[in-house]
Each structure stands twice: as structure tokens, then as C-alpha cells.
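Undergrad: Have a look at this one.
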Amino acid sequence: MDGLCASGLDHAMTPSKLYLSAWVSQARNPLRHTLTLQVIALVSWIPIAWGIGHAVAAVSRAQPVWLPLGIAVLGLAARVLASWLADSASAQAGQATTAAARRDIFARVARVGAGQLLGDSAGARASQIVDRTQKLSGYAARWWPGMRLAVIGPCLILVAVATQSWLAAVLLLVSVLVLPVFIWLAASETAATARAQQASLDTLSSAFQSRAAKFGLIRVFRAVARETAQLEAAAETLRERTMKILRVAFLSTAVLEFFASISIALVAVYVGFKLLGVFPFQTGETITLAEGFTVLVLVPEFFAPIRRLASLHHDRADGVAAAGMLGPWLDQGADSSLQRLEPLPRAPVLTFDHAVLAYRDSARPSLPFSFVAAPSRITALAGPSGSGKTSCLLALLGHVDLVAGRILVDGQPLQPGESLSRSAAYLRQAPWVTEGTLFENIALARPQAAREEVEAAAREAGVLTFAAPERGGLDQPLARFGGGLSGGQRQKLALARAILRNAPLLLLDEPTAHLDEEAETAFLQLLRKIGKDRTILIATHTERVMAFADEVIDLAGPREVTGR
């Protein structure tokens with residue numbers, strides 16, 4: 001990871017807290033500014049307290065109050081300015097930390113490939129990348145400086161109080177000794193609750209995304225009420241766990257306020273009795289009216305950073321819980337960064353020679369595969385689900401490990417960690433379509449392509465048959481998830497991307513699974529048309545596709561090739 005490289009940390013052995021530390025370190029400058037400004041704002045309270053105390057004493061003696069009030073006003077101005085600048089620096093620190101985490105995630109995906117995103121649904125991954133990384137912002141922006149200010153601030157105020165009354169300082173010091181145990185107990189409970197709450201957010205995001213993508217099917221099968229109930233149940237779980245976090249936060253704040261109020265009351269009683277001269281014990285000090293008022297104004301500020309820290313424990317818990325998920329996820333396959341081979345100059349001959357495949361960290365490797373996929377021919381991989389069709393395709397992209405045997409590309413072995421992604425176009429059952437125009441969706445394959453090239457690819461793939469001029473042609477807008485496009489139109493759009501990419505290798509995973517017979521026939525004819533100078537490997541269990549293919553490899557039975 002880029003951030004961890006900068007910190008000199010070992011990828012494979014880095015625990016989640018070191019990931020969190022590395023991301024926070026990317027915001028070190030704004031964090032230092034935040035802490036410095038917060039300390040200045042807190043110290044500014046000392047001249048305010050001094051000015052108020054001496055102004056009250058001056059009024060009682062009928063003396064001018066302009067000097068102490070002026071000092072108090074200057075302290076107030078410094079406090080307001082420092083607080084404003086601290087808030088700005090704090091926001092910058094939170095943004096820098098979140099950006100560092102997202103930068104590392106996308107850098108890992110760029111190196112390892114889209115296989116890094118496997119293991120969770122698209123909605124859950126989106127929630128993790130967007131929502132979980134955003135949780136790191138509060139950790140850096142509020143908890144990190146707040147934790148340090150909770151140590152530095154009370155010490156500075158305690159020194160200021162001691163200059164006015166040493167016994168008042170001792171009372172404050174004794175009262176604060178019980179707080180660390182209470183804060184530790186509150187932090188432990190909040191951390192566990194935050195992990196559960198973030199898991200519920202992932203679940204809700206995944207459920208919502210999957211149902212939004214399949215809303216048409218849900219309506220067709222009259223399952224709107226059932227699916228809505230499932231979303232409501234997921235939302236209710238998230239609400240309950242969020243409210244539990246808030247209950248813990250409010251309870252911890254209330255208990256802390258109780259201890260702080262008792263301590264302030266003790267100091268106030270002591271100062272009041274000393275000023276009245278009725279304190280029953282000798283303390284070896286005499287408190288003036290100015291000193292007494294100064295102490296009373298300073299004491300609430302002694303507890304202010306500690307009070308704030310108690311309310312910030314949910315920021316800490318959120319950040320630690322987010323790093324606890326993101327760190328292990330990024331560590332998965334940390335040593336398996338892909339080496340994308342240079343684009344092939346022509347359609348390759350692919351040879352699987354007793355190749356045994358396995359998904360990363362899987363204890364169940366496949367049976368040996370042996371077959372040849374030749375250029376200008378359609379090679380179909382047949383077999384039931386789980387027979388290894390998709391594994392063969394993903395092995396060429398580097399997302400499935402070669403355990404034994406060989407995979408040859410034009411007679412040269414494909415080494416572990418090597419990928420043909422720069423030479424391949426991969427088509428799934430349901431091609432991904434984003435909100436935008438047809439032109440923009442096709443141009444995703446090669447963003448720098450000229451408009452004429454995009455139009456030529458669309459024409460060859462048959463996209464222009466449904467991109468009617470009266471609707472805007474290729475500038476026709478598409479709804480979210482490609483709403484309005486049929487399954488066959490989506491596949492034509494995907495073929496246009498493959499043509500624009502000029503990939504000599506086409507890998508198709510059940511591309512006709514959701515097409516009717518007419519659309520399937522039209523798609524296969526297009527595939528034959530564009531496959532003259534390409535090697536086409538298609539995973540299927542459809543009889544019509546197998547009948548259309550030049551060669552069929554039955555991965556479920558004997559490893560024999562049936563040619564046409």
C-alpha cells in the first residue's frame with residue numbers, strides 16, 4: 001500500500017491498527033496545526049478567567065476595571081480565532097485521512113485487479129469504500145487531537161489554578177484520578193457496538209443495491225412487498241445498533257458530567273468558605289476575591305477537554321472498527337499483485353496443459369484441465385455450475401491461481417501473477433452499465449478513442465440498430481444500471497466495448513444466460529462476425545451455444561475436445 005510504503009511497514013504482517021496509524025500519518029501536518037490551535041484556544045481561557053476575577057475584585061473596591069476587562073477581551077478574541085482555525089485544520093485532517101485510505105484501496109485494486117473486490121456484494125463493497133473510510137475522518141479530525149488535548153489541557157489549567165490556590169489544584173487532581181477507569185470501560189463497550197453497527201450498514205447497502213439493480217424482475221414476479229420487508233428488517237437492525245451506540249455515548253457523558261459537577265462543587269465550597277473565613281481547617285493559604293473568582297472560572301475549563309473526549313469515543317470506535325475491516329481486506333492477497341503483460345499483437349493460441357486451478361486461499365482446487373483454444377474459432381467450455389468454467393477464464397486474468405500444470409500463451413507459459421487483461425475483453429452474464437449516454441458507456445473501454453472509432457465499434461456490434469436517431473443516437477441517455485435496455489442490447493453494448501478495445505482475446509461468461517432464443521441467435525451471429533481475428537473462449541451450459549461453437553470442452557466429463 002502506498003501509505004504503508006511511506007511508513008516503511010511490512011504489508012503482509014501489518015495489523016489493522018498500523019493501517020490506521022499509516023492513514024492518520026498522511027494528515028500529520030493538519031493534525032499538528034489542529035492540536036496546537038486547540039491548545040492555544042484552551043490557554044486563552046486563562047487570561048479570560050484572570051480578567052474576570054480581577055474585574056470583579058476591582059468593582060468590589062470601586063477601582064477601574066478597564067485593564068482586566070481588556071485582558072479578558074483579548075483572551076476571548078484569541079480563543080475565537082484559534083477555535084475557528086482549529087476547526088478548519090481538523091476538517092482538512094479528516095479529509096486527508098479518508099483520502100489516504102481510499103487511495104490505498106484503489107491502488108491495491110489497480111495492482112491486484114478487480115479480484116480484490118470479490119468476497120462481498122457490490123453494495124457492501126461500495127459501502128466499505130465510501131462509508132467505512134469516511135468513519136476514519138472522525139478518528140483523525142476529532143479523536144486524535146481530542147485525546148492529546150485531554151492530557152495537555154487539564155495539566156495547563158491545573159498549573160494556572162495552582163498559582164491561585166494550591167488546595168483547589170489538589171482537589172481537582174484527586175477528582176480526575178477516577179476518570180481513566182470509567183473512560184476505558186465506556187471505550188470497550190462502544191468499540192464492540194460500533195463494529196456491529198458498521199456490519200449492519202454493509203448488509204443494508206448490499207441489500208439495497210442488489211434490489212435496486214433487479215427492481216424490474218422484482219416487479220414482474222410481484223415480490224415488491226416481500227423484498228421491501230427484508231429491506232425494512234435490515235434498516236431496523238441498523239437503527240437498533242445505531243441507537244445502542246447513542247445510548248452508550250449519552251450514558252458515558254452523563255456519568256462524566258456527574259463527576260465533573262461534584263468536583264466543581266467541592267472547589268466552589270472550598271473557595272466560598274475561604275473567602276468567608278469559616279473554613280474549619282488550616283490550609284496555609286489565603287485566597288483573595290480575585291484569586292477565588294479566577295479559580296471558579298478556570299475549573300470548568302479543566303474538565304472541558306475530558307468531557308469532550310468522552311463524547312468522542314464513538315469517533316474512535318468507528319475508526320478502529322473501520323480499520324479492523326479494511327486492514328484484513330487489503331491484506332488479502334497482499335503478495336499477489338498482478339503483472340499485466342504487454343498487449344498481444346495478434347489472437348493467441350491458448351493451451352491448458354493439465355492445469356489445476358484454485359481461488360486464492362481455497363482448499364479445494366479444480367480437476368486438471370487440458371484443451372487448446374485456437375484463433376478465429378469459438379471454443380466453448382461446457383459443464384454444470386462449479387465445474388470450473390469461470391475459473392478457466394479468470395485464470396487468464398490472474399484472478400485464479402494456477403496450482404499445478406501449465407497455461408501456455410502462444411507456447412509461452414503464463415507465470416503465476418501474470419495477467420492477459422491488457423489483451424482481453426471480459427463479458428459477463430449482465431454487462432455493467434453506468435448512468436450516462438450510450439457513447440460514454442462504450443467509450444469506457446478506451447476513453448481516449450475518437451468519436452469516429454466509437455461509432456465504428458457501435459456499428460459493428462449492432463448498437464446502432466437500437467440507438468435510434470430520434471432518441472439521440474449514441475448520445476441517448478441511459479438510466480441507472482442501464483434501465484430501458486434489454487438483455488440483448490446490453491450484450492451488444494458489451495461487444496462494442498470489446499471491439500473498441502481491439503482486444504485479440506474475448507472471454508465470455510454465460511453471455512446468453514438471460515437472452516431469449518431470437519436475441520441469443522443474433523448475439524452469436526455478431527460474435528461470429530467479430531471473431532475472425534480473435535480467440536474466443538466462452539463458458540456456457542446452453543445447448544444452442546455449444547452447437548454454435550467450433551469446439552466444445554466438457555469440463556464435467558472426460559477431458560476430450562469435440563470439434564465441428
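Every chain in the C-alpha cells takes a letter, A first, then B, and so on in the order presented; its residues are numbered from 1, and the ligands are numbered from 1 following the presented order.
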Which residues are close to range 498-503 of chain A, i.e. within 9 Å by only C-alpha atoms, leaving aside same-chain residues fewer than 5 positions away? Reply as a list in words.

TA: Pro343, Leu344, Arg346, Ala347, Arg422, Ser423, Ala424, Ala425, Tyr426, Leu427, Ile442, Ala443, Ala445, Arg446, Ala449, Glu453, Val454, Ala456, Ala457, Ala458, Glu460, Ala461, Leu493, Ile530 and Arg534 of chain A

Undergrad: At what distance in Å, to one decimal, does CA of Glu342 in chain A lie from CA of Leu505 in chain A?

TA: 13.2 Å

Undergrad: Between A:Met243, A:Gly386, A:Ser210, A:Gln197, which one has atoms that come closest to Glu227 in chain A, using only C-alpha atoms?

TA: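 Closest candidate: A:Ser210.
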
Undergrad: Calculated over only C-alpha atoms, which of the candidates A:Leu330, A:Val39, A:Ala304, A:Ala57 has the smallest distance to Pro145 in chain A?

TA: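 Going through A:Leu330, A:Val39, A:Ala304, A:Ala57 one by one, the smallest distance to Pro145 in chain A is for A:Val39.
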
Undergrad: Hey, can you check how far CA of Ile287 in chain A sits from CA of Ile46 in chain A?

TA: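 According to the coordinates, CA of Ile287 in chain A and CA of Ile46 in chain A are separated by 17.6 Å.
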
Undergrad: Give me, as a PDB file with all heavy atoms, in the first residue's frame, all polymer residues having an atom no more than 9 Å from range 268-282 of chain A, counting only C-alpha atoms and skipping those fewer than 5 positions away in the same chain.

TA:
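Ended up saving to selection25.pdb:
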ATOM      1  N   SER A 165      -4.506  28.862  43.978  1.00  0.00           N
ATOM      2  CA  SER A 165      -4.819  28.109  45.196  1.00  0.00           C
ATOM      3  C   SER A 165      -4.295  26.695  45.042  1.00  0.00           C
ATOM      4  O   SER A 165      -4.798  25.936  44.199  1.00  0.00           O
ATOM      5  CB  SER A 165      -6.338  28.095  45.437  1.00  0.00           C
ATOM      6  OG  SER A 165      -6.663  27.154  46.446  1.00  0.00           O
ATOM      7  N   LEU A 167      -4.577  24.177  47.140  1.00  0.00           N
ATOM      8  CA  LEU A 167      -5.509  23.155  47.599  1.00  0.00           C
ATOM      9  C   LEU A 167      -6.617  22.917  46.561  1.00  0.00           C
ATOM     10  O   LEU A 167      -7.075  21.785  46.371  1.00  0.00           O
ATOM     11  CB  LEU A 167      -6.124  23.560  48.940  1.00  0.00           C
ATOM     12  CG  LEU A 167      -6.989  22.482  49.613  1.00  0.00           C
ATOM     13  CD1 LEU A 167      -6.229  21.166  49.747  1.00  0.00           C
ATOM     14  CD2 LEU A 167      -7.469  22.958  50.978  1.00  0.00           C
ATOM     15  N   ALA A 168      -7.046  23.960  45.865  1.00  0.00           N
ATOM     16  CA  ALA A 168      -8.033  23.783  44.797  1.00  0.00           C
ATOM     17  C   ALA A 168      -7.451  22.902  43.689  1.00  0.00           C
ATOM     18  O   ALA A 168      -8.149  22.046  43.124  1.00  0.00           O
ATOM     19  CB  ALA A 168      -8.449  25.139  44.234  1.00  0.00           C
ATOM     20  N   SER A 263     -16.867  17.631  41.437  1.00  0.00           N
ATOM     21  CA  SER A 263     -15.537  18.239  41.632  1.00  0.00           C
ATOM     22  C   SER A 263     -15.627  19.758  41.644  1.00  0.00           C
ATOM     23  O   SER A 263     -15.000  20.428  42.487  1.00  0.00           O
ATOM     24  CB  SER A 263     -14.596  17.773  40.516  1.00  0.00           C
ATOM     25  OG  SER A 263     -14.483  16.361  40.506  1.00  0.00           O
ATOM     26  N   ILE A 287      -6.943  33.153  50.287  1.00  0.00           N
ATOM     27  CA  ILE A 287      -7.478  33.372  48.939  1.00  0.00           C
ATOM     28  C   ILE A 287      -8.175  34.720  48.898  1.00  0.00           C
ATOM     29  O   ILE A 287      -9.066  35.006  49.707  1.00  0.00           O
ATOM     30  CB  ILE A 287      -8.466  32.253  48.554  1.00  0.00           C
ATOM     31  CG1 ILE A 287      -7.759  30.902  48.528  1.00  0.00           C
ATOM     32  CG2 ILE A 287      -9.083  32.524  47.189  1.00  0.00           C
ATOM     33  CD1 ILE A 287      -8.673  29.744  48.166  1.00  0.00           C
ATOM     34  N   THR A 288      -7.763  35.558  47.949  1.00  0.00           N
ATOM     35  CA  THR A 288      -8.417  36.846  47.742  1.00  0.00           C
ATOM     36  C   THR A 288      -9.631  36.658  46.840  1.00  0.00           C
ATOM     37  O   THR A 288      -9.836  35.600  46.232  1.00  0.00           O
ATOM     38  CB  THR A 288      -7.453  37.843  47.103  1.00  0.00           C
ATOM     39  OG1 THR A 288      -7.103  37.378  45.781  1.00  0.00           O
ATOM     40  CG2 THR A 288      -6.193  37.994  47.951  1.00  0.00           C
ATOM     41  N   LEU A 289     -10.448  37.741  46.758  1.00  0.00           N
ATOM     42  CA  LEU A 289     -11.623  37.677  45.900  1.00  0.00           C
ATOM     43  C   LEU A 289     -11.220  37.460  44.438  1.00  0.00           C
ATOM     44  O   LEU A 289     -11.852  36.670  43.718  1.00  0.00           O
ATOM     45  CB  LEU A 289     -12.445  38.969  46.044  1.00  0.00           C
ATOM     46  CG  LEU A 289     -13.742  39.033  45.216  1.00  0.00           C
ATOM     47  CD1 LEU A 289     -14.686  37.913  45.610  1.00  0.00           C
ATOM     48  CD2 LEU A 289     -14.403  40.409  45.378  1.00  0.00           C
ATOM     49  N   GLY A 292     -10.085  33.837  44.058  1.00  0.00           N
ATOM     50  CA  GLY A 292     -11.214  32.919  44.154  1.00  0.00           C
ATOM     51  C   GLY A 292     -12.046  32.890  42.883  1.00  0.00           C
ATOM     52  O   GLY A 292     -12.414  31.808  42.372  1.00  0.00           O
ATOM     53  N   PHE A 293     -12.376  34.081  42.329  1.00  0.00           N
ATOM     54  CA  PHE A 293     -13.158  34.125  41.095  1.00  0.00           C
ATOM     55  C   PHE A 293     -12.371  33.539  39.920  1.00  0.00           C
ATOM     56  O   PHE A 293     -12.940  32.876  39.051  1.00  0.00           O
ATOM     57  CB  PHE A 293     -13.571  35.574  40.792  1.00  0.00           C
ATOM     58  CG  PHE A 293     -14.971  35.885  41.223  1.00  0.00           C
ATOM     59  CD1 PHE A 293     -15.218  36.413  42.478  1.00  0.00           C
ATOM     60  CD2 PHE A 293     -16.047  35.638  40.383  1.00  0.00           C
ATOM     61  CE1 PHE A 293     -16.511  36.692  42.889  1.00  0.00           C
ATOM     62  CE2 PHE A 293     -17.331  35.921  40.796  1.00  0.00           C
ATOM     63  CZ  PHE A 293     -17.581  36.454  42.047  1.00  0.00           C
ATOM     64  N   VAL A 295     -10.170  31.121  40.059  1.00  0.00           N
ATOM     65  CA  VAL A 295     -10.226  29.666  40.188  1.00  0.00           C
ATOM     66  C   VAL A 295     -11.585  29.133  39.738  1.00  0.00           C
ATOM     67  O   VAL A 295     -11.673  28.144  38.996  1.00  0.00           O
ATOM     68  CB  VAL A 295      -9.938  29.249  41.647  1.00  0.00           C
ATOM     69  CG1 VAL A 295     -10.289  27.780  41.869  1.00  0.00           C
ATOM     70  CG2 VAL A 295      -8.483  29.506  41.984  1.00  0.00           C
ATOM     71  N   LEU A 296     -12.679  29.800  40.164  1.00  0.00           N
ATOM     72  CA  LEU A 296     -14.014  29.324  39.820  1.00  0.00           C
ATOM     73  C   LEU A 296     -14.281  29.380  38.313  1.00  0.00           C
ATOM     74  O   LEU A 296     -15.015  28.547  37.777  1.00  0.00           O
ATOM     75  CB  LEU A 296     -15.069  30.143  40.562  1.00  0.00           C
ATOM     76  CG  LEU A 296     -15.095  29.959  42.083  1.00  0.00           C
ATOM     77  CD1 LEU A 296     -16.148  30.863  42.721  1.00  0.00           C
ATOM     78  CD2 LEU A 296     -15.368  28.500  42.444  1.00  0.00           C
TER      79      LEU A 296
END

Undergrad: For Asp401 in chain A, find every residue with an atom within 7 Å (counting only C-alpha atoms), except residues of its own chain fewer than 4 positions away, and show them as a ChimeraX atom specification.

TA: /A:357-360,395,416

Undergrad: Please provide as a list in words all residues within 9 Å of Thr535 in chain A, with the sequence filter that same-chain residues fewer than 2 positions apart are discarded (counting only C-alpha atoms).

TA: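 Here the qualifying residues turn out to be Ala347, Pro348, Val349, Leu350, Ala373, Ala374, Pro375, Ser376, Arg377, Ile378, Thr379, Pro504, Leu505, Leu506, Leu507, Gly531, Lys532, Asp533 and Leu537 of chain A.
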
Undergrad: Please, could you write that set of residues out with C-alpha atoms as a PDB file, in the first residue's frame?

TA:
ATOM      1  CA  ALA A 347      -5.001 -13.513 -31.398  1.00  0.00           C
ATOM      2  CA  PRO A 348      -3.195 -16.069 -29.192  1.00  0.00           C
ATOM      3  CA  VAL A 349      -3.247 -19.826 -29.057  1.00  0.00           C
ATOM      4  CA  LEU A 350      -4.231 -20.789 -25.520  1.00  0.00           C
ATOM      5  CA  ALA A 373      -8.322 -22.591 -27.817  1.00  0.00           C
ATOM      6  CA  ALA A 374      -7.246 -21.509 -31.311  1.00  0.00           C
ATOM      7  CA  PRO A 375      -7.571 -18.101 -33.022  1.00  0.00           C
ATOM      8  CA  SER A 376     -10.577 -17.369 -35.258  1.00  0.00           C
ATOM      9  CA  ARG A 377     -12.539 -20.117 -33.533  1.00  0.00           C
ATOM     10  CA  ILE A 378     -15.165 -20.146 -30.816  1.00  0.00           C
ATOM     11  CA  THR A 379     -14.179 -22.524 -28.013  1.00  0.00           C
ATOM     12  CA  PRO A 504      -7.479 -10.102 -29.536  1.00  0.00           C
ATOM     13  CA  LEU A 505      -8.875 -12.318 -26.744  1.00  0.00           C
ATOM     14  CA  LEU A 506     -12.583 -12.454 -25.854  1.00  0.00           C
ATOM     15  CA  LEU A 507     -13.605 -14.167 -22.607  1.00  0.00           C
ATOM     16  CA  GLY A 531     -14.317 -13.295 -34.046  1.00  0.00           C
ATOM     17  CA  LYS A 532     -12.431 -13.701 -37.321  1.00  0.00           C
ATOM     18  CA  ASP A 533      -9.225 -12.247 -35.893  1.00  0.00           C
ATOM     19  CA  LEU A 537     -13.352 -18.608 -25.087  1.00  0.00           C
TER      20      LEU A 537
END

Undergrad: Enumerate, as a PyMOL selection string, the complete set of residues in range 208-436 of chain A that a backbone-based DSSP assignment places in strand (DSSP E or B).

TA: chain A and resi 339-340+350-358+369-373+378-382+401-409+412-413+418-419+424-427+436

Undergrad: Go through range 230-420 of chain A and collect every residue that DSSP, computed from the backbone, puts in alpha helix (DSSP H); the answer should be as a PyMOL selection string.

TA: chain A and resi 230-276+289-311+313-331+389-396

Undergrad: Export C-alpha atoms of the chosen residues as an mmCIF file, in the first residue's frame?

TA:
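Result saved to out.cif:
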data_model
loop_
_atom_site.group_PDB
_atom_site.id
_atom_site.type_symbol
_atom_site.label_atom_id
_atom_site.label_comp_id
_atom_site.auth_asym_id
_atom_site.auth_seq_id
_atom_site.Cartn_x
_atom_site.Cartn_y
_atom_site.Cartn_z
ATOM 1 C CA GLN A 230 -36.450 -7.563 4.007
ATOM 2 C CA LEU A 231 -35.073 -4.061 3.474
ATOM 3 C CA GLU A 232 -37.139 -2.814 6.412
ATOM 4 C CA ALA A 233 -35.711 -5.583 8.598
ATOM 5 C CA ALA A 234 -32.147 -4.668 7.623
ATOM 6 C CA ALA A 235 -32.860 -0.971 8.229
ATOM 7 C CA GLU A 236 -34.397 -1.760 11.624
ATOM 8 C CA THR A 237 -31.305 -3.727 12.642
ATOM 9 C CA LEU A 238 -29.119 -0.773 11.665
ATOM 10 C CA ARG A 239 -31.389 1.614 13.611
ATOM 11 C CA GLU A 240 -31.269 -0.517 16.743
ATOM 12 C CA ARG A 241 -27.478 -0.790 16.697
ATOM 13 C CA THR A 242 -27.086 2.928 15.978
ATOM 14 C CA MET A 243 -29.364 3.778 18.904
ATOM 15 C CA LYS A 244 -27.321 1.458 21.118
ATOM 16 C CA ILE A 245 -24.201 3.473 20.279
ATOM 17 C CA LEU A 246 -26.039 6.682 21.133
ATOM 18 C CA ARG A 247 -27.272 5.228 24.437
ATOM 19 C CA VAL A 248 -23.714 4.308 25.438
ATOM 20 C CA ALA A 249 -22.486 7.771 24.414
ATOM 21 C CA PHE A 250 -25.216 9.602 26.375
ATOM 22 C CA LEU A 251 -24.724 7.393 29.448
ATOM 23 C CA SER A 252 -20.961 7.886 29.500
ATOM 24 C CA THR A 253 -21.392 11.645 29.068
ATOM 25 C CA ALA A 254 -23.934 11.791 31.898
ATOM 26 C CA VAL A 255 -21.675 9.907 34.310
ATOM 27 C CA LEU A 256 -18.718 12.132 33.431
ATOM 28 C CA GLU A 257 -20.860 15.247 33.913
ATOM 29 C CA PHE A 258 -21.809 13.933 37.360
ATOM 30 C CA PHE A 259 -18.163 13.532 38.433
ATOM 31 C CA ALA A 260 -17.249 16.920 36.970
ATOM 32 C CA SER A 261 -20.139 18.633 38.756
ATOM 33 C CA ILE A 262 -19.152 17.091 42.088
ATOM 34 C CA SER A 263 -15.537 18.239 41.632
ATOM 35 C CA ILE A 264 -16.560 21.768 40.659
ATOM 36 C CA ALA A 265 -18.895 21.903 43.655
ATOM 37 C CA LEU A 266 -16.106 20.831 46.025
ATOM 38 C CA VAL A 267 -13.804 23.555 44.735
ATOM 39 C CA ALA A 268 -16.614 26.128 44.900
ATOM 40 C CA VAL A 269 -17.403 25.178 48.514
ATOM 41 C CA TYR A 270 -13.737 25.407 49.488
ATOM 42 C CA VAL A 271 -13.268 28.807 47.801
ATOM 43 C CA GLY A 272 -16.505 30.147 49.274
ATOM 44 C CA PHE A 273 -15.638 29.066 52.825
ATOM 45 C CA LYS A 274 -12.125 30.507 52.475
ATOM 46 C CA LEU A 275 -13.478 33.845 51.259
ATOM 47 C CA LEU A 276 -15.943 33.907 54.158
ATOM 48 C CA LEU A 289 -11.623 37.677 45.900
ATOM 49 C CA ALA A 290 -9.690 37.993 42.606
ATOM 50 C CA GLU A 291 -7.980 34.616 43.132
ATOM 51 C CA GLY A 292 -11.214 32.919 44.154
ATOM 52 C CA PHE A 293 -13.158 34.125 41.095
ATOM 53 C CA THR A 294 -10.242 33.227 38.825
ATOM 54 C CA VAL A 295 -10.226 29.666 40.188
ATOM 55 C CA LEU A 296 -14.014 29.324 39.820
ATOM 56 C CA VAL A 297 -13.866 30.431 36.182
ATOM 57 C CA LEU A 298 -10.888 28.151 35.433
ATOM 58 C CA VAL A 299 -12.279 24.956 36.986
ATOM 59 C CA PRO A 300 -14.977 24.222 34.320
ATOM 60 C CA GLU A 301 -12.310 24.569 31.615
ATOM 61 C CA PHE A 302 -10.239 21.942 33.431
ATOM 62 C CA PHE A 303 -12.951 19.353 32.677
ATOM 63 C CA ALA A 304 -13.897 20.656 29.202
ATOM 64 C CA PRO A 305 -11.336 18.570 27.205
ATOM 65 C CA ILE A 306 -12.171 15.461 29.268
ATOM 66 C CA ARG A 307 -15.904 15.971 28.710
ATOM 67 C CA ARG A 308 -15.287 16.359 25.007
ATOM 68 C CA LEU A 309 -13.154 13.222 24.952
ATOM 69 C CA ALA A 310 -15.999 11.170 26.429
ATOM 70 C CA SER A 311 -18.281 12.274 23.595
ATOM 71 C CA HIS A 313 -15.265 7.762 21.953
ATOM 72 C CA HIS A 314 -17.721 6.829 19.234
ATOM 73 C CA ASP A 315 -15.362 8.502 16.708
ATOM 74 C CA ARG A 316 -12.543 6.336 17.999
ATOM 75 C CA ALA A 317 -14.694 3.216 17.952
ATOM 76 C CA ASP A 318 -15.868 3.959 14.397
ATOM 77 C CA GLY A 319 -12.315 4.498 13.167
ATOM 78 C CA VAL A 320 -10.935 1.361 14.820
ATOM 79 C CA ALA A 321 -13.870 -0.740 13.602
ATOM 80 C CA ALA A 322 -13.452 0.573 10.041
ATOM 81 C CA ALA A 323 -9.718 -0.161 10.063
ATOM 82 C CA GLY A 324 -10.472 -3.571 11.578
ATOM 83 C CA MET A 325 -12.402 -4.454 8.423
ATOM 84 C CA LEU A 326 -10.366 -2.574 5.812
ATOM 85 C CA GLY A 327 -6.953 -3.728 7.054
ATOM 86 C CA PRO A 328 -7.557 -7.507 6.764
ATOM 87 C CA TRP A 329 -9.359 -6.976 3.455
ATOM 88 C CA LEU A 330 -6.377 -5.135 1.997
ATOM 89 C CA ASP A 331 -4.032 -7.757 3.430
ATOM 90 C CA LYS A 389 -15.691 -22.781 -16.454
ATOM 91 C CA THR A 390 -15.357 -19.348 -14.876
ATOM 92 C CA SER A 391 -12.092 -20.372 -13.166
ATOM 93 C CA CYS A 392 -10.506 -21.000 -16.561
ATOM 94 C CA LEU A 393 -11.456 -17.521 -17.747
ATOM 95 C CA LEU A 394 -10.322 -15.791 -14.560
ATOM 96 C CA ALA A 395 -7.029 -17.714 -14.542
ATOM 97 C CA LEU A 396 -6.093 -15.915 -17.780
#

Undergrad: Between CA of Leu397 in chain A and CA of Arg340 in chain A, what is the distance in Å, rounded to a tenth?

TA: 8.6 Å

Undergrad: For Cys155 in chain A, work out the shell of residues within 10 Å, counting only C-alpha atoms and skipping chain neighbours fewer than 6 positions away, then give it as a PyMOL selection string.

TA: chain A and resi 149+161+173+302

Undergrad: Take the selection from the previous step and output its residues with N, CA and C atoms, as a PDB file, in the first residue's frame.

TA:
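selection00.pdb, written as the output of this step:
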ATOM      1  N   LEU A 149      -5.360  16.577  23.669  1.00  0.00           N
ATOM      2  CA  LEU A 149      -5.772  17.783  24.390  1.00  0.00           C
ATOM      3  C   LEU A 149      -6.309  17.426  25.767  1.00  0.00           C
ATOM      4  N   VAL A 161      -4.453  27.040  37.997  1.00  0.00           N
ATOM      5  CA  VAL A 161      -5.221  27.024  39.259  1.00  0.00           C
ATOM      6  C   VAL A 161      -4.275  27.004  40.444  1.00  0.00           C
ATOM      7  N   LEU A 173      -7.020  17.466  41.075  1.00  0.00           N
ATOM      8  CA  LEU A 173      -6.162  16.334  40.722  1.00  0.00           C
ATOM      9  C   LEU A 173      -6.720  15.032  41.281  1.00  0.00           C
ATOM     10  N   PHE A 302     -11.073  23.099  33.120  1.00  0.00           N
ATOM     11  CA  PHE A 302     -10.239  21.942  33.431  1.00  0.00           C
ATOM     12  C   PHE A 302     -10.906  20.657  32.936  1.00  0.00           C
TER      13      PHE A 302
END
